[in-house]
Amino acid sequence: MLTLPEKIAFLVLVLISLYFTGRGVARMIAIIRRGRGRPDWGLAARRAVDVVVAKTMALAPTFRARPLTSVIHGLVAWGFMFYVLVNIGDVLEAYIPGFVFMGQGGVGSVYRLGADIFSVSVLVGMMALMIRRYMLRPTSLTLADRTLVHPKARAGITRDSAIVGAFILLHVGGRFVGESLHLAYVGPDAWQPMASAVGGWWVGTSPLALEIARHTAWWFALGLILAFLPYFPHSKHIHLFMAPINYLLRPERRSMGELEALDFEDENIEQFGAARLEDLSYSSLIDAYACIMCNRCQEACPAYTTGKVLSPAALEVNKRYFINIEGGRLASGEASAQTLTEFAITPEAVWACTACGACNQVCPVGNEPMRDILEIRRDLVLMQNSFPEQLQTAFRGMERTVNPWNVPPENRLAWAEGLSVPTVEENPDAEILWWVGCAPATDPRAQKTAQALARVLTAAGVSFAVLGAREQCTGDAARRAGNEYLFNELAMANVELLNQVAPKRILTTCPHCMHVLQNEYPAFGGDYQVIHHTQLLQELLAAGRLSLNTAGQDMGTITFHDPCYLGRQNGVVAAPRRALAEAGLSLTEMPRHGQASFCCGAGGSQMWKEEEAGTARVGETRLEEARRTGAGTLAVGCPFCMIMLESSQESDSQMPIRDVVEIVAERMGLEG
């Protein structure tokens, strides 16, 4: 119980703390508002339950990686959430004579048990995390020297982590000790077994000394909060609030890889893509505040793990430290003093990204570093005409012959010679429009996949048709490379054609085509039902329309490489595995599979350029992971993956690489 002067003093300190905290929060809001776009608050309302329950209370995104560390973090996070109640209760009890927060029995007993358990869980968890960071020092918590890092960030992260860790330990520890002193004074509480046990340490201490010590502990614990609050908006600890806000306010997308269309007809738009921090979206600026600097995105990034200079973690860290230093300028509406490629990420790192989405998928607070990188690419290509020279060949091919292989449209159906592959003119009422894709139509190896699928569709009696010479590139390679204008031209032409054809369903053999047709063409007026060929295979198998001969055959083991734009970006994980199982194959998984799959190295237009220097090539790294499973065959579901992984083969160590449909066709006796 506080005296009247203490109550007044505490209230004054609260107001002072809230004033300086409010200034920091106001600056945050002003900076976030500098970003493009505005949040949809109606969408936030619909997400509220999921964000509060699954994302915040259950910490579901945290458990996507590092399970042991995630449990330890959970001990701290759940306890800190409960401590909101504890701190409110402590203040009320100090201000209201005779008041017992939540009562003595019933709910009050459960509350006291919770406070006891969570106090210890926070202390144990925080000490474990501090030992991990400052004594064990795993490499996963460091940013490589090869990566561009803000000059104040390396020391700043260490200092900030120490401040946050010390605050949590001292605040919770001070309150726990205070409660143990109280129990030593009034007697043990069965609902607070751990605080009661510590209270035994104070046996023999005079009642006056116990009361003074408890009083001091109260001021220490609550005073720390008042001292820490103004620092809060500048600390990574702000993720406690910004992570839920990030999930609430993030724009709705059909897939994590869906990009915003640019309006080239609007004469008021002077900047395409992101050159400076304020050119990014408001959501990307929230990312900087939500980042907990755990480096999980970096750990999942195929470019970083193969020794490239790219680190998605460093990108977010650099944004945050730049904001902390340049916050006043940004909040007042001034332009940033530096461009993103000067302080946040180098051009080399920008072009090392495979646009696989692993950084987005693994982030526990909903950050999307990949989106920033692709926005920066847009600026480099559209505004600065700066991009790797090798991409010029792909761009020129898409401009002149509407495919990056630069194959004339009249040769688009050459792969189907001798096969029954009708065009839409020949089968206008087809149940399925097969969007063959540039790779299966033009690349010799990928053509074998298309031929196998044609045989399977014909054998199953599927009514299908293709566009033939009228089919052109979806523009995926142009868009991931930042050439939005070229993508825009291709997308509008394709949507116009597809809307004339009005397909019931579109079938693709390429996950990149699937992604663009399904998720990105709606912005251009094309809304289609799109399926991947492994999904159709699953349908046909379930309907008994495919007759597989597996009796008495030793099928061996197989491992499946999940294409990034099939599994991670569009959630198609089960279909290819079921098709392989029906084909009589025993599947052995790679350590990184499903939505956590490792990239083949072709995405993000890497297919059309030289891979940046590193310690290894992405495709070779993935192929070696497949070999270590001991499987006899590597199955894929993407022509880009097929080409990239086959090109990574060593002449003396060949591992058969086959598309799922090639395996199914073989089991049907439909080999070419």
# chains A, B, ... in the order shown; residues from 1 in each chain; ligands from 1
>>> closest_atom_pairs(of="region 54-166 of chain A", to="region 353-376 of chain A", cutoff="9 Å", atoms="only C-alpha atoms", output="JSON lines")
{"residue": "A:Lys55", "atom": "CA", "partner": "A:Val365", "partner_atom": "CA", "distance": 8.4}
{"residue": "A:Leu59", "atom": "CA", "partner": "A:Pro364", "partner_atom": "CA", "distance": 8.0}
{"residue": "A:Ala60", "atom": "CA", "partner": "A:Pro364", "partner_atom": "CA", "distance": 8.0}
{"residue": "A:Pro61", "atom": "CA", "partner": "A:Pro364", "partner_atom": "CA", "distance": 4.7}
{"residue": "A:Thr62", "atom": "CA", "partner": "A:Pro364", "partner_atom": "CA", "distance": 4.5}
{"residue": "A:Phe63", "atom": "CA", "partner": "A:Pro364", "partner_atom": "CA", "distance": 7.9}
{"residue": "A:Arg64", "atom": "CA", "partner": "A:Val362", "partner_atom": "CA", "distance": 6.1}
{"residue": "A:Ala65", "atom": "CA", "partner": "A:Val362", "partner_atom": "CA", "distance": 6.9}
>>> write_last_selection(atoms="C-alpha atoms", output="PDB file, in the first residue's frame")
ATOM      1  CA  LYS A  55      -0.321 -15.403 -34.127  1.00  0.00           C
ATOM      2  CA  LEU A  59       2.922 -17.888 -31.223  1.00  0.00           C
ATOM      3  CA  ALA A  60       2.217 -20.277 -34.121  1.00  0.00           C
ATOM      4  CA  PRO A  61       4.524 -18.552 -36.659  1.00  0.00           C
ATOM      5  CA  THR A  62       7.426 -18.762 -34.207  1.00  0.00           C
ATOM      6  CA  PHE A  63       7.366 -22.557 -34.266  1.00  0.00           C
ATOM      7  CA  ARG A  64       8.036 -22.804 -38.017  1.00  0.00           C
ATOM      8  CA  ALA A  65      11.750 -23.121 -37.233  1.00  0.00           C
TER       9      ALA A  65
END
>>> residues_around(residues="region 108-111 of chain A", least_positions_apart="4", cutoff="10 Å", atoms="only C-alpha atoms", output="number ranges by chain")
A: 82, 85-86, 100-104, 115-117, 189-192
>>> write_last_selection(atoms="N, CA and C atoms", output="mmCIF file, in the first residue's frame")
data_model
loop_
_atom_site.group_PDB
_atom_site.id
_atom_site.type_symbol
_atom_site.label_atom_id
_atom_site.label_comp_id
_atom_site.auth_asym_id
_atom_site.auth_seq_id
_atom_site.Cartn_x
_atom_site.Cartn_y
_atom_site.Cartn_z
ATOM 1 N N PHE A 82 1.176 -12.470 -19.601
ATOM 2 C CA PHE A 82 0.454 -12.589 -18.338
ATOM 3 C C PHE A 82 0.806 -11.446 -17.399
ATOM 4 N N LEU A 85 -1.456 -8.432 -16.766
ATOM 5 C CA LEU A 85 -2.408 -8.557 -15.654
ATOM 6 C C LEU A 85 -1.721 -8.326 -14.310
ATOM 7 N N VAL A 86 -0.545 -8.911 -14.161
ATOM 8 C CA VAL A 86 0.178 -8.815 -12.894
ATOM 9 C C VAL A 86 0.485 -7.357 -12.550
ATOM 10 N N VAL A 100 -7.826 -6.795 -3.134
ATOM 11 C CA VAL A 100 -7.083 -7.979 -3.563
ATOM 12 C C VAL A 100 -7.469 -8.269 -5.009
ATOM 13 N N PHE A 101 -6.518 -8.146 -5.898
ATOM 14 C CA PHE A 101 -6.800 -8.300 -7.321
ATOM 15 C C PHE A 101 -7.340 -9.693 -7.616
ATOM 16 N N MET A 102 -8.545 -9.767 -8.172
ATOM 17 C CA MET A 102 -9.251 -11.002 -8.544
ATOM 18 C C MET A 102 -9.687 -11.829 -7.341
ATOM 19 N N GLY A 103 -9.531 -11.312 -6.133
ATOM 20 C CA GLY A 103 -10.038 -11.982 -4.948
ATOM 21 C C GLY A 103 -9.083 -13.011 -4.364
ATOM 22 N N GLN A 104 -9.469 -13.547 -3.228
ATOM 23 C CA GLN A 104 -8.603 -14.493 -2.509
ATOM 24 C C GLN A 104 -8.714 -15.919 -3.039
ATOM 25 N N ALA A 115 0.711 -16.290 -11.949
ATOM 26 C CA ALA A 115 1.783 -15.318 -11.717
ATOM 27 C C ALA A 115 3.038 -16.020 -11.206
ATOM 28 N N ASP A 116 2.860 -17.023 -10.371
ATOM 29 C CA ASP A 116 3.987 -17.759 -9.813
ATOM 30 C C ASP A 116 4.716 -18.553 -10.902
ATOM 31 N N ILE A 117 3.927 -19.282 -11.697
ATOM 32 C CA ILE A 117 4.522 -20.119 -12.742
ATOM 33 C C ILE A 117 5.193 -19.259 -13.809
ATOM 34 N N ASP A 189 1.734 -19.471 0.601
ATOM 35 C CA ASP A 189 0.489 -19.575 -0.163
ATOM 36 C C ASP A 189 0.607 -20.812 -1.044
ATOM 37 N N ALA A 190 -0.323 -21.771 -0.853
ATOM 38 C CA ALA A 190 -0.271 -23.010 -1.630
ATOM 39 C C ALA A 190 -0.392 -22.759 -3.129
ATOM 40 N N TRP A 191 -0.996 -21.644 -3.519
ATOM 41 C CA TRP A 191 -1.167 -21.313 -4.926
ATOM 42 C C TRP A 191 0.061 -20.590 -5.500
ATOM 43 N N GLN A 192 1.024 -20.309 -4.645
ATOM 44 C CA GLN A 192 2.279 -19.703 -5.104
ATOM 45 C C GLN A 192 3.453 -20.507 -4.551
#
>>> closest_residue(among="A:Ala523, A:Val122, A:Leu92, A:Val164", to="Glu260 (chain A)", atoms="only C-alpha atoms")
A:Ala523
>>> closest_atom_pairs(of="region 483-516 of chain A", to="region 387-397 of chain A", cutoff="10 Å", atoms="only C-alpha atoms", output="Markdown table")
| residue | atom | partner | partner_atom | distance |
| --- | --- | --- | --- | --- |
| A:Asn483 | CA | A:Phe395 | CA | 8.2 |
| A:Leu486 | CA | A:Phe395 | CA | 7.9 |
| A:Phe487 | CA | A:Phe395 | CA | 9.9 |
>>> atom_distance(atom1="CA of Glu620 (chain A)", atom2="CA of Cys600 (chain A)")
8.2 Å
>>> select_by_dssp(residues="region 76-126 of chain A", states="alpha helix (DSSP H)", output="PyMOL selection string")
chain A and resi 76-95+107-126
>>> write_last_selection(atoms="C-alpha atoms", output="PDB file, in the first residue's frame")
ATOM      1  CA  VAL A  76       9.297 -15.575 -21.956  1.00  0.00           C
ATOM      2  CA  ALA A  77       6.556 -14.329 -24.275  1.00  0.00           C
ATOM      3  CA  TRP A  78       3.646 -16.069 -22.574  1.00  0.00           C
ATOM      4  CA  GLY A  79       4.881 -14.962 -19.184  1.00  0.00           C
ATOM      5  CA  PHE A  80       5.297 -11.389 -20.347  1.00  0.00           C
ATOM      6  CA  MET A  81       1.742 -11.399 -21.706  1.00  0.00           C
ATOM      7  CA  PHE A  82       0.454 -12.589 -18.338  1.00  0.00           C
ATOM      8  CA  TYR A  83       2.477  -9.893 -16.647  1.00  0.00           C
ATOM      9  CA  VAL A  84       0.175  -7.267 -18.136  1.00  0.00           C
ATOM     10  CA  LEU A  85      -2.408  -8.557 -15.654  1.00  0.00           C
ATOM     11  CA  VAL A  86       0.178  -8.815 -12.894  1.00  0.00           C
ATOM     12  CA  ASN A  87       1.312  -5.211 -13.265  1.00  0.00           C
ATOM     13  CA  ILE A  88      -2.255  -3.914 -13.387  1.00  0.00           C
ATOM     14  CA  GLY A  89      -3.077  -5.898 -10.272  1.00  0.00           C
ATOM     15  CA  ASP A  90      -0.004  -4.654  -8.410  1.00  0.00           C
ATOM     16  CA  VAL A  91      -0.817  -1.013  -9.150  1.00  0.00           C
ATOM     17  CA  LEU A  92      -4.468  -1.410  -8.134  1.00  0.00           C
ATOM     18  CA  GLU A  93      -3.556  -3.137  -4.883  1.00  0.00           C
ATOM     19  CA  ALA A  94      -1.064  -0.371  -4.099  1.00  0.00           C
ATOM     20  CA  TYR A  95      -3.639   2.383  -4.704  1.00  0.00           C
ATOM     21  CA  VAL A 107     -10.210 -17.023  -9.984  1.00  0.00           C
ATOM     22  CA  GLY A 108      -7.842 -15.226  -7.643  1.00  0.00           C
ATOM     23  CA  SER A 109      -6.134 -18.488  -6.710  1.00  0.00           C
ATOM     24  CA  VAL A 110      -5.663 -19.420 -10.367  1.00  0.00           C
ATOM     25  CA  TYR A 111      -4.328 -15.920 -11.049  1.00  0.00           C
ATOM     26  CA  ARG A 112      -1.744 -16.217  -8.255  1.00  0.00           C
ATOM     27  CA  LEU A 113      -0.690 -19.652  -9.518  1.00  0.00           C
ATOM     28  CA  GLY A 114      -0.295 -18.213 -13.005  1.00  0.00           C
ATOM     29  CA  ALA A 115       1.783 -15.318 -11.717  1.00  0.00           C
ATOM     30  CA  ASP A 116       3.987 -17.759  -9.813  1.00  0.00           C
ATOM     31  CA  ILE A 117       4.522 -20.119 -12.742  1.00  0.00           C
ATOM     32  CA  PHE A 118       5.009 -17.420 -15.353  1.00  0.00           C
ATOM     33  CA  SER A 119       7.430 -15.466 -13.177  1.00  0.00           C
ATOM     34  CA  VAL A 120       9.733 -18.455 -13.090  1.00  0.00           C
ATOM     35  CA  SER A 121       9.165 -19.310 -16.763  1.00  0.00           C
ATOM     36  CA  VAL A 122      10.187 -15.794 -17.795  1.00  0.00           C
ATOM     37  CA  LEU A 123      13.286 -15.835 -15.613  1.00  0.00           C
ATOM     38  CA  VAL A 124      14.382 -19.284 -16.784  1.00  0.00           C
ATOM     39  CA  GLY A 125      13.590 -18.567 -20.424  1.00  0.00           C
ATOM     40  CA  MET A 126      15.270 -15.162 -20.464  1.00  0.00           C
TER      41      MET A 126
END
>>> closest_residue(among="A:Gly669, A:Gly333, A:Gly619, A:Gly156", to="Val456 (chain A)", atoms="only C-alpha atoms")
A:Gly669
>>> closest_residue(among="A:Ile643, A:Ile245, A:Ala439, A:Leu457", to="Ile29 (chain A)", atoms="only C-alpha atoms")
A:Ile245
>>> closest_residue(among="A:Met607, A:Ile31, A:Ala335, A:Ile96", to="Leu285 (chain A)", atoms="only C-alpha atoms")
A:Ile31
>>> atom_distance(atom1="CA of Ala227 (chain A)", atom2="CA of Thr21 (chain A)")
9.9 Å
>>> atom_distance(atom1="CA of Ala635 (chain A)", atom2="CA of Thr559 (chain A)")
6.1 Å
